[in-house]
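A short write-up of the structure that comes next.
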Amino acid sequence: MNYKEDFPILKNKDIAYLDSGATTQKPSYVLEKVDEFYKKYNANPHRGAYALSQEATEVYENVRTKIAEFINSPSREQIIFSKNATESLNLIAYSYGLENVKAGDKVVISIMEHHSNLVPWQKVVKTNSAILDYMYLDGNFEISDEEIESKITDNTKVVGITHVSNVLGTINNVKKVIEATHKKGAVVVVDASQSIPHMKVDVQDLDCDFLVFSGHKMLAPLGIGVLYGKKELLNKMTPFLMGGDMIEYVYEQDTTFASLPNKFEAGTQNVGGVVGLGAAIEYIEKIGYDNIQKQEKEVVDYAIEELKKLDFLELYLTSNKDNHSGVISFNLKGVHPHDVASILDSQGVCVRSRKPLCAATYEIFWYRFNL
C-alpha cells in the first residue's frame with residue numbers, strides 16, 4: 001500500500017521528507033479527527049456542567065484511556081498530558097529531581113541524550129550541589145554493559161536514558177539500564193520520543209519509573225506530549241505548574257491539589273492535540289508495528305547500502321543492524337552539514353543538519369571523526 005497518499009502535504013509538495021525524527025507529517029485521518037473535534041465538541045473539559053463540556057471531557061479522557069492501553073500502563077491515572085516530551089522531562093526534574101536529589105548524590109544520563117533530558121538535570125544538580133555523570137559510547141556507538149555498571153553507583157538517585165538516539169538511531173538496552181538502576185535503589189526516566197513511532201513500548205515490561213514521548217514525532221499535531229509515571233512516585237510529587245483544574249480546594253492562604261492525573265494538568269489543555277494523538281495511535285495500530293518495521297527496514301537497509309558506495313561520505317552506525325532504528329547519520333568530508341542540507345533542499349530533499357548537541361558530543365563527533 002502507498003501510505004504516502006494518506007499525507008496531504010506530501011501530495012501537495014514535490015519533496016522527499018526525511019526529517020521525521022524532528023517532526024512527522026500528519027495523515028488525513030489525524031487532521032480530520034482534529035477538525036471534527038473543533039466542529040462538534042469544542043468546549044473546555046472538566047469545566048462545565050452543560051452537555052457540550054461533558055462531551056469534550058469524554059473525548060479528552062477517552063484518549064487518556066487509549067494511551068494507557070497503547071503503552072500498557074497499569075491505570076489511566078498514570079497518563080499525564082503535557083506540551084511535549086521536553087515539558088514532561090522538566091516536570092520530572094522539577095517535581096521529582098529537586099525534591100529527591102540531595103548534595104553529593106548523582107544523576108546519570110547517557111551522552112546521547114537530547115537537550116531536554118540533559119539541561120533540566122544540569123539545573124537540578126547545580127541547585128542541590130549534586131553530580132551529573134555520563135554514560136559514554138564505545139567505538140560501536142553503543143553504551144556497553146561495563147559502562148552502565150560502572151557509572152550507576154550506590155549514590156545514584158536518577159538515571160535518564162533515551163530509548164533510541166535521535167542523532168545516531170542507536171537502540172539502547174534500556175532494560176539493562178533499568179535493571180542496573182533499580183539494583184541501586186534509583187529511578188529511571190526513559191525518553192521514548194524516538195522509539196514509540198517505530199516499535200511497541202510496554203512500560204510494565206520495561207519496568208521504567210517514568211517514560212515520556214511527544215505526539216508530533218508519531219503523526220500527531222504539534223504541542224502535545226505524554227508523561228507516564230509509576231503511581232507511587234506521582235502521588236508523592238508536588239505539581240510543577242499551578243492553576244485551574246489541578247486544585248481540589250483553594251483557601252486564602254493554602255491550597256489542596258486534585259488527585260491524579262489532574263494535579264499535573266494545570267490550565268486549559270491542548271484538547272485538539274490530545275484528540276489528534278488518539279487518532280495517530282489508531283492510525284499506527286491500523287498499519288501495525290510489524291508492517292512499519294518491515295517497510296522501515298527495507299528503506300533503511302537500501303539507503304545504507306547505497307550510501308556506503310560513496311567514498312566521500314562517512315556513516316556513523318552500529319555494526320548490528322538489529323540495534324539500529326530509522327535515523328541515518330552521515331558526513332560529507334570537507335563539507336559543512338548546513339551546506340549539505342541546503343544543496344539537498346534545492347533538490348526537494350528535506351534532511352536535518354545539526355551542530356554538536358553539547359561539549360561532550362562535540363568531542364565525540366567533531367574531534368574523533370574530524371568533522
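Identifiers in this document derive from the order of the C-alpha cells: chains are assigned A, B, ..., residues are numbered from 1 separately in each chain, and ligands are numbered from 1 in order of occurrence.
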Counting only C-alpha atoms, which residues of stretch 151-268 of chain A fall within 6 Å of stretch 307-330 of chain A, and what is the closest atom pair for each with its distance in Å at one decimal, ordered by chain and rising number, as a tab-separated table?
residue	atom	partner	partner_atom	distance
A:Leu168	CA	A:Ser329	CA	5.8
A:Gly169	CA	A:Val327	CA	4.5
A:Thr170	CA	A:His324	CA	4.8
A:Ile171	CA	A:Asn323	CA	5.2
Go ahead and save the picked residues with C-alpha atoms, as a PDB file, in the first residue's frame.
ATOM      1  CA  LEU A 168      22.576   8.023  15.800  1.00  0.00           C
ATOM      2  CA  GLY A 169      19.474   5.845  15.694  1.00  0.00           C
ATOM      3  CA  THR A 170      21.107   3.526  18.245  1.00  0.00           C
ATOM      4  CA  ILE A 171      18.547   1.442  20.149  1.00  0.00           C
TER       5      ILE A 171
END
Neighbour list for A:Gln25 as a count of residues only, cut-off 8 Å, only C-alpha atoms, skip fewer than 3 positions in-chain:
4
Near stretch 230-236 of chain A, within 7 Å and counting only C-alpha atoms, which residues show up once chain neighbours fewer than 6 positions away are dropped, as a PyMOL selection string?
chain A and resi 78+209-210
With distances taken over only C-alpha atoms, which residue among A:Gly139, A:Gly278, A:Pro239, A:Pro74 lies nearest A:Lys263?
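The answer is A:Pro239, which sits nearest to A:Lys263.
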With a distance cut-off of 8 Å and only C-alpha atoms, select the neighbouring residues of A:Tyr38, excluding the residue or stretch itself and same-chain residues fewer than 4 positions from it, and output the selection as a ChimeraX atom specification.
/A:34,42,272
I'd like the contact shell of A:Ser116 - 10 Å cut-off, only C-alpha atoms, skipping same-chain residues fewer than 2 positions apart - returned as a PyMOL selection string.
chain A and resi 85-90+113-114+118-121+191
Enumerate as number ranges by chain all residues of stretch 53-128 of chain A assigned to alpha helix (DSSP H) by DSSP on the backbone, naming them with the chain letters and numbers the document uses.
A: 53-70, 85-92, 98-100, 119-128
Go through stretch 171-269 of chain A and flag each residue having an atom no more than 7 Å from stretch 147-166 of chain A; for those, report the closest pair of atoms plus their distance in Å to one decimal, using only C-alpha atoms, ordered by chain and rising number, as a tab-separated table.
residue	atom	partner	partner_atom	distance
A:Ile171	CA	A:Val164	CA	4.5
A:Asn172	CA	A:His163	CA	5.4
A:Val174	CA	A:His163	CA	6.2
A:Val177	CA	A:Ile148	CA	6.5
A:Ala180	CA	A:Glu149	CA	6.7
A:Thr181	CA	A:Ile152	CA	6.4
A:Lys184	CA	A:Asp154	CA	5.5
A:Ala186	CA	A:Lys157	CA	4.5
A:Val187	CA	A:Val158	CA	5.1
A:Val188	CA	A:Val159	CA	4.8
A:Val189	CA	A:Gly160	CA	4.7
A:Val190	CA	A:Ile161	CA	5.2
A:Asp191	CA	A:Thr162	CA	4.5
A:Ala192	CA	A:His163	CA	5.3
A:Gln194	CA	A:Val164	CA	5.4
A:Ser195	CA	A:Val164	CA	5.4
If you run DSSP over the backbone, which residues in stretch 16-113 of chain A end up strand (DSSP E)? Put them as a list of chain:residue names.
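Listing strand (DSSP E) positions across stretch 16-113 of chain A yields A:Ala16, A:Tyr17, A:Ile79, A:Ile80, A:Phe81, A:Ser82, A:Lys106, A:Val107, A:Val108, A:Ile109, A:Ser110.
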Can you list, as an MDAnalysis selection string, every protein, DNA or RNA residue that comes within 12 Å of A:Val340 when you count only C-alpha atoms, leaving out same-chain residues fewer than 2 positions away?
chainID A and resid 313 330:338 342:347 349:354
Take the residues that were just selected and, keeping N, CA and C atoms, output them as an mmCIF file, in the first residue's frame.
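Output saved as selection.cif:
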data_model
loop_
_atom_site.group_PDB
_atom_site.id
_atom_site.type_symbol
_atom_site.label_atom_id
_atom_site.label_comp_id
_atom_site.auth_asym_id
_atom_site.auth_seq_id
_atom_site.Cartn_x
_atom_site.Cartn_y
_atom_site.Cartn_z
ATOM 1 N N LEU A 313 31.770 9.999 1.715
ATOM 2 C CA LEU A 313 30.753 10.080 2.768
ATOM 3 C C LEU A 313 31.107 9.118 3.900
ATOM 4 N N PHE A 330 25.326 10.848 8.786
ATOM 5 C CA PHE A 330 26.453 10.803 7.862
ATOM 6 C C PHE A 330 27.106 12.171 7.756
ATOM 7 N N ASN A 331 28.280 12.172 7.206
ATOM 8 C CA ASN A 331 29.034 13.402 6.997
ATOM 9 C C ASN A 331 29.696 13.357 5.637
ATOM 10 N N LEU A 332 29.622 14.452 4.894
ATOM 11 C CA LEU A 332 30.369 14.587 3.653
ATOM 12 C C LEU A 332 31.698 15.248 3.968
ATOM 13 N N LYS A 333 32.772 14.555 3.666
ATOM 14 C CA LYS A 333 34.100 15.012 4.049
ATOM 15 C C LYS A 333 34.393 16.400 3.492
ATOM 16 N N GLY A 334 34.751 17.297 4.399
ATOM 17 C CA GLY A 334 35.142 18.625 3.992
ATOM 18 C C GLY A 334 34.006 19.572 3.682
ATOM 19 N N VAL A 335 32.761 19.157 3.909
ATOM 20 C CA VAL A 335 31.610 19.998 3.598
ATOM 21 C C VAL A 335 30.801 20.221 4.877
ATOM 22 N N HIS A 336 30.457 21.476 5.147
ATOM 23 C CA HIS A 336 29.679 21.770 6.349
ATOM 24 C C HIS A 336 28.281 21.159 6.208
ATOM 25 N N PRO A 337 27.748 20.570 7.294
ATOM 26 C CA PRO A 337 26.431 19.930 7.206
ATOM 27 C C PRO A 337 25.313 20.864 6.768
ATOM 28 N N HIS A 338 25.412 22.154 7.125
ATOM 29 C CA HIS A 338 24.374 23.095 6.696
ATOM 30 C C HIS A 338 24.397 23.290 5.183
ATOM 31 N N SER A 342 21.363 22.410 2.598
ATOM 32 C CA SER A 342 20.860 23.433 1.671
ATOM 33 C C SER A 342 20.874 22.928 0.232
ATOM 34 N N ILE A 343 21.934 22.225 -0.141
ATOM 35 C CA ILE A 343 22.018 21.681 -1.501
ATOM 36 C C ILE A 343 20.941 20.622 -1.720
ATOM 37 N N LEU A 344 20.752 19.752 -0.738
ATOM 38 C CA LEU A 344 19.702 18.740 -0.850
ATOM 39 C C LEU A 344 18.324 19.387 -0.928
ATOM 40 N N ASP A 345 18.130 20.460 -0.161
ATOM 41 C CA ASP A 345 16.842 21.160 -0.189
ATOM 42 C C ASP A 345 16.559 21.742 -1.575
ATOM 43 N N SER A 346 17.602 22.185 -2.267
ATOM 44 C CA SER A 346 17.403 22.722 -3.620
ATOM 45 C C SER A 346 16.889 21.663 -4.591
ATOM 46 N N GLN A 347 17.056 20.384 -4.187
ATOM 47 C CA GLN A 347 16.560 19.275 -4.999
ATOM 48 C C GLN A 347 15.289 18.655 -4.397
ATOM 49 N N VAL A 349 14.822 17.654 -1.224
ATOM 50 C CA VAL A 349 15.079 16.634 -0.209
ATOM 51 C C VAL A 349 15.248 17.325 1.148
ATOM 52 N N CYS A 350 14.414 16.964 2.114
ATOM 53 C CA CYS A 350 14.418 17.596 3.437
ATOM 54 C C CYS A 350 15.169 16.714 4.432
ATOM 55 N N VAL A 351 16.341 17.175 4.895
ATOM 56 C CA VAL A 351 17.103 16.438 5.892
ATOM 57 C C VAL A 351 17.469 17.374 7.030
ATOM 58 N N ARG A 352 17.845 16.787 8.154
ATOM 59 C CA ARG A 352 18.253 17.552 9.331
ATOM 60 C C ARG A 352 19.761 17.744 9.303
ATOM 61 N N SER A 353 20.219 18.942 9.470
ATOM 62 C CA SER A 353 21.639 19.213 9.691
ATOM 63 C C SER A 353 21.770 19.790 11.083
ATOM 64 N N ARG A 354 22.840 19.435 11.754
ATOM 65 C CA ARG A 354 22.929 19.858 13.145
ATOM 66 C C ARG A 354 24.354 20.167 13.541
#
Considering only C-alpha atoms, return as number ranges by chain whatever protein or nucleic-acid residues lie within 7 Å of stretch 94-96 of chain A, sequence-local ones (same chain, fewer than 3 positions apart) excluded.
A: 90-91, 99-100, 237-240
Here is a test: counting only C-alpha atoms, which residue of A:Leu277, A:Gln293, A:Ile284, A:Glu146 is nearest to A:Val63?
A:Leu277
Select, from A:Ala279, A:Ile287, A:Val271, A:Val212, the residue with the minimum atom-to-atom distance to A:Ser53, counting only C-alpha atoms.
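Closest residue, counting only C-alpha atoms: A:Val271.
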